[in-house]
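Undergrad: Structure incoming, see below.
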Amino acid sequence: MFICFEAPDKCGKSTLSVEFQKMLNIEFYNGKGGVTLDSNLGPFVWTKEPSFTSEEADRLNSIKNLENQYKRELLFFESRIGHQDFLKKHNIVCDRYTWSGMVYAKVFSPGCYEFVRQLYRSKKLFIQPDLYVYVNAGIDVCLERDPTLDRDTMIELWKAYELVYDDVEEIGIPIITINNEDRSSNKEESIKLVLEELMTRFKGHLKLVTKRLYDS
């Protein structure tokens, strides 16, 4: 199974994806859960896209250099293509994937967005996720978590995520949207509450998938 977490910066997707991967392994591979996922691939492994450093990704996402749009997209494309064999061999929880690839191309490389969009939608080039988890938090919440973020850029990214949502639905990938605005004054307690809701909804998703397979 291939699960991807998507969201703009500081929505909490990285923290949630890491913790959810741990929960999945406890629930389905350590004897607690009543459902068996693809045991041939073993426990869930956490990974991220792109595979180069976060610092390099931040650098590429910080300046709209119109002269280097295709070079920018090539770096992300090469990283994702090189990661495909790894994704095939494991049960995966991934921090960002092609949804973000399209979103950030829309904002930072608009001149080649349509081409990038077609590439990332290709099932021949890219393994498509079994499930997207979209982590939602308000812009003000994200800016409070990191005041160095640029509000105008954040607004552009939010609009782009909404635009690409239609592409994800058209490809046919299920989406769970989870609200990660602070639910408690205690950060750990807030994360725990979000994860509990996410696990409940994930199990509901599994039941729905199982029913569809059975009915077919």
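Labeling convention for the structure tokens: chains A, B, ... as they appear, residues from 1 per chain, ligands from 1 in order of appearance.
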List every residue of segment 39-155 of chain A that has an atom at most 12 Å from any atom of segment 197-202 of chain A, and for each one report the closest atom pair and its distance in Å to one decimal, counting only C-alpha atoms, with rows sorted by chain and then by increasing residue number, as a Markdown table.

TA:
```
| residue | atom | partner | partner_atom | distance |
| --- | --- | --- | --- | --- |
| A:Asp130 | CA | A:Phe202 | CA | 11.7 |
| A:Leu131 | CA | A:Phe202 | CA | 9.3 |
| A:Tyr132 | CA | A:Phe202 | CA | 10.6 |
| A:Val133 | CA | A:Leu198 | CA | 8.8 |
| A:Tyr134 | CA | A:Leu198 | CA | 10.7 |
| A:Val135 | CA | A:Leu198 | CA | 10.2 |
```

Undergrad: Would you list, as a ChimeraX atom specification, the residues of chain A that end up in strand (DSSP E or B) under DSSP run on this structure's backbone?

TA: /A:2-6,44-48,91-95,131-136,175-179

Undergrad: I need the chosen residues saved as a tab-separated table (two decimals), in the first residue's frame, with N, CA and C atoms.

TA:
```tsv
chain	number	residue	atom	x	y	z
A	2	PHE	N	0.42	2.26	-0.72
A	2	PHE	CA	1.18	3.49	-0.91
A	2	PHE	C	0.32	4.67	-0.47
A	3	ILE	N	0.69	5.29	0.64
A	3	ILE	CA	-0.07	6.41	1.22
A	3	ILE	C	0.80	7.66	1.17
A	4	CYS	N	0.23	8.76	0.66
A	4	CYS	CA	0.98	10.02	0.57
A	4	CYS	C	0.30	11.11	1.38
A	5	PHE	N	1.11	11.85	2.12
A	5	PHE	CA	0.64	13.01	2.86
A	5	PHE	C	0.99	14.27	2.07
A	6	GLU	N	0.01	15.15	1.91
A	6	GLU	CA	0.20	16.37	1.14
A	6	GLU	C	-0.32	17.58	1.92
A	44	PHE	N	5.26	-0.86	7.02
A	44	PHE	CA	5.32	0.43	6.34
A	44	PHE	C	6.68	1.10	6.57
A	45	VAL	N	7.16	1.73	5.51
A	45	VAL	CA	8.41	2.49	5.55
A	45	VAL	C	8.07	3.95	5.26
A	46	TRP	N	8.63	4.85	6.05
A	46	TRP	CA	8.43	6.29	5.80
A	46	TRP	C	9.50	6.79	4.85
A	47	THR	N	9.09	7.62	3.91
A	47	THR	CA	10.04	8.26	3.01
A	47	THR	C	9.50	9.64	2.63
A	48	LYS	N	10.27	10.38	1.87
A	48	LYS	CA	9.82	11.72	1.49
A	48	LYS	C	10.19	11.99	0.04
A	91	ASN	N	5.67	-1.22	1.54
A	91	ASN	CA	4.50	-0.46	1.94
A	91	ASN	C	5.01	0.92	2.36
A	92	ILE	N	4.41	1.96	1.79
A	92	ILE	CA	5.00	3.30	1.89
A	92	ILE	C	4.06	4.30	2.54
A	93	VAL	N	4.62	5.13	3.44
A	93	VAL	CA	4.02	6.40	3.84
A	93	VAL	C	4.99	7.47	3.37
A	94	CYS	N	4.52	8.32	2.46
A	94	CYS	CA	5.40	9.30	1.82
A	94	CYS	C	5.00	10.72	2.18
A	95	ASP	N	5.99	11.52	2.51
A	95	ASP	CA	5.81	12.94	2.79
A	95	ASP	C	5.97	13.70	1.48
A	131	LEU	N	-3.78	6.10	-1.67
A	131	LEU	CA	-4.52	7.04	-0.83
A	131	LEU	C	-3.69	8.30	-0.62
A	132	TYR	N	-4.36	9.44	-0.72
A	132	TYR	CA	-3.76	10.71	-0.32
A	132	TYR	C	-4.38	11.15	1.01
A	133	VAL	N	-3.53	11.64	1.90
A	133	VAL	CA	-4.01	12.30	3.12
A	133	VAL	C	-3.64	13.77	2.98
A	134	TYR	N	-4.66	14.61	2.86
A	134	TYR	CA	-4.42	16.05	2.75
A	134	TYR	C	-4.58	16.67	4.13
A	135	VAL	N	-3.50	17.30	4.61
A	135	VAL	CA	-3.49	17.89	5.95
A	135	VAL	C	-3.85	19.37	5.83
A	136	ASN	N	-4.94	19.75	6.45
A	136	ASN	CA	-5.46	21.10	6.31
A	136	ASN	C	-5.23	21.91	7.59
A	175	ILE	N	-9.04	10.45	-1.29
A	175	ILE	CA	-8.43	11.49	-0.46
A	175	ILE	C	-9.12	11.54	0.89
A	176	ILE	N	-8.32	11.52	1.95
A	176	ILE	CA	-8.81	11.82	3.30
A	176	ILE	C	-8.27	13.19	3.67
A	177	THR	N	-9.16	14.12	3.95
A	177	THR	CA	-8.75	15.45	4.40
A	177	THR	C	-8.87	15.52	5.92
A	178	ILE	N	-7.78	15.88	6.57
A	178	ILE	CA	-7.75	15.93	8.03
A	178	ILE	C	-7.38	17.33	8.50
A	179	ASN	N	-8.12	17.86	9.46
A	179	ASN	CA	-7.87	19.20	9.99
A	179	ASN	C	-6.81	19.12	11.08
```

Undergrad: Closest to Trp158 of chain A among A:Ala57, A:Ile173, A:Val107, A:Val194, using only C-alpha atoms?

TA: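 When distances to Trp158 of chain A are compared using only C-alpha atoms, the smallest one comes from A:Val107.
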
Undergrad: Using Å and a single decimal, report how far atom CA of Ala7 of chain A sits from atom CA of Leu125 of chain A.

TA: 22.8 Å

Undergrad: When you draw a straight line from atom CA of Glu189 of chain A to atom CA of Arg96 of chain A, how long is it in Å?

TA: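 One can read the atom CA of Glu189 of chain A to atom CA of Arg96 of chain A distance as 24.3 Å.
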
Undergrad: Find the residue from A:Glu55, A:Leu195, A:Met1, A:Met154 that sits nearest to Gln128 of chain A; use only C-alpha atoms when measuring.

TA: A:Met1

Undergrad: From the set A:Glu188, A:Glu19, A:Glu196, A:Glu56, which residue has the shortest atom-to-atom contact distance to Phe76 of chain A, counting only C-alpha atoms?

TA: A:Glu56

Undergrad: Please return as a ChimeraX atom specification: the residues of segment 3-179 of chain A that backbone DSSP assigns to helix (DSSP H, G or I).

TA: /A:13-29,39-41,54-60,66-82,84-88,98-108,110-121,139-145,151-171

Undergrad: Selected residues, C-alpha atoms, written as a CSV table (one decimal), in the first residue's frame, please.

TA:
```csv
chain,number,residue,atom,x,y,z
A,13,LYS,CA,2.1,16.8,7.4
A,14,SER,CA,5.7,15.7,8.1
A,15,THR,CA,5.1,15.1,11.8
A,16,LEU,CA,1.8,13.4,11.2
A,17,SER,CA,3.1,11.2,8.4
A,18,VAL,CA,6.0,9.9,10.6
A,19,GLU,CA,3.7,9.2,13.5
A,20,PHE,CA,1.1,7.6,11.3
A,21,GLN,CA,3.6,5.2,9.8
A,22,LYS,CA,4.5,4.1,13.4
A,23,MET,CA,0.8,3.6,14.2
A,24,LEU,CA,0.2,1.6,11.1
A,25,ASN,CA,3.0,-0.8,11.9
A,26,ILE,CA,1.7,-1.2,15.5
A,27,GLU,CA,-1.9,-1.7,14.3
A,28,PHE,CA,-1.3,-4.0,11.4
A,29,TYR,CA,2.1,-5.7,11.9
A,39,SER,CA,2.5,-8.7,4.1
A,40,ASN,CA,4.6,-9.6,1.2
A,41,LEU,CA,6.0,-6.0,1.3
A,54,SER,CA,14.9,19.9,2.5
A,55,GLU,CA,17.3,22.8,2.4
A,56,GLU,CA,17.7,22.3,-1.4
A,57,ALA,CA,14.0,22.0,-1.9
A,58,ASP,CA,13.4,25.2,0.1
A,59,ARG,CA,16.0,27.0,-2.0
A,60,LEU,CA,14.3,26.0,-5.2
A,66,LEU,CA,11.7,32.3,-14.6
A,67,GLU,CA,14.8,31.6,-16.6
A,68,ASN,CA,15.4,28.3,-14.7
A,69,GLN,CA,11.9,26.9,-14.5
A,70,TYR,CA,12.6,23.8,-16.6
A,71,LYS,CA,15.9,23.2,-14.8
A,72,ARG,CA,14.1,23.4,-11.4
A,73,GLU,CA,11.4,20.9,-12.6
A,74,LEU,CA,14.1,18.6,-14.0
A,75,LEU,CA,15.7,18.3,-10.6
A,76,PHE,CA,12.4,17.3,-8.9
A,77,PHE,CA,11.5,15.0,-11.8
A,78,GLU,CA,14.8,13.2,-11.7
A,79,SER,CA,14.6,12.7,-8.0
A,80,ARG,CA,11.1,11.2,-8.2
A,81,ILE,CA,11.8,9.0,-11.2
A,82,GLY,CA,14.9,7.7,-9.3
A,84,GLN,CA,10.2,4.6,-8.2
A,85,ASP,CA,12.0,1.3,-7.7
A,86,PHE,CA,12.1,1.9,-3.9
A,87,LEU,CA,8.4,2.7,-3.8
A,88,LYS,CA,7.6,-0.6,-5.6
A,98,THR,CA,3.2,14.2,-7.3
A,99,TRP,CA,0.3,16.3,-6.0
A,100,SER,CA,2.8,18.6,-4.5
A,101,GLY,CA,4.9,18.3,-7.7
A,102,MET,CA,2.1,19.8,-9.7
A,103,VAL,CA,1.2,22.4,-7.0
A,104,TYR,CA,4.8,23.8,-6.7
A,105,ALA,CA,5.2,23.8,-10.4
A,106,LYS,CA,2.1,25.9,-10.7
A,107,VAL,CA,3.4,28.4,-8.3
A,108,PHE,CA,7.2,28.4,-9.0
A,110,PRO,CA,4.2,28.4,-14.3
A,111,GLY,CA,5.8,28.5,-17.7
A,112,CYS,CA,6.1,24.7,-17.8
A,113,TYR,CA,3.2,23.7,-15.5
A,114,GLU,CA,1.0,22.1,-18.1
A,115,PHE,CA,3.9,19.8,-19.3
A,116,VAL,CA,4.8,18.9,-15.7
A,117,ARG,CA,1.1,18.3,-14.9
A,118,GLN,CA,0.9,15.7,-17.7
A,119,LEU,CA,4.1,14.0,-16.6
A,120,TYR,CA,3.0,13.6,-13.0
A,121,ARG,CA,-0.4,12.3,-14.0
A,139,ILE,CA,-2.9,30.2,6.8
A,140,ASP,CA,-2.8,32.1,10.0
A,141,VAL,CA,-2.1,28.9,12.0
A,142,CYS,CA,0.8,28.1,9.6
A,143,LEU,CA,2.2,31.6,9.9
A,144,GLU,CA,2.0,31.4,13.7
A,145,ARG,CA,4.0,28.2,13.6
A,151,ARG,CA,1.7,35.1,3.3
A,152,ASP,CA,1.2,35.8,-0.4
A,153,THR,CA,3.1,32.7,-1.4
A,154,MET,CA,1.1,30.6,1.0
A,155,ILE,CA,-2.1,31.9,-0.5
A,156,GLU,CA,-0.9,31.0,-4.0
A,157,LEU,CA,0.0,27.5,-2.7
A,158,TRP,CA,-3.4,27.0,-1.2
A,159,LYS,CA,-5.1,28.0,-4.4
A,160,ALA,CA,-2.9,25.6,-6.3
A,161,TYR,CA,-3.6,22.7,-4.0
A,162,GLU,CA,-7.4,23.3,-4.6
A,163,LEU,CA,-6.8,23.4,-8.4
A,164,VAL,CA,-4.8,20.2,-8.5
A,165,TYR,CA,-7.4,18.5,-6.2
A,166,ASP,CA,-9.5,18.0,-9.4
A,167,ASP,CA,-6.6,16.2,-11.1
A,168,VAL,CA,-6.2,13.8,-8.1
A,169,GLU,CA,-10.0,13.1,-8.2
A,170,GLU,CA,-9.9,12.6,-12.0
A,171,ILE,CA,-7.0,10.0,-11.7
```
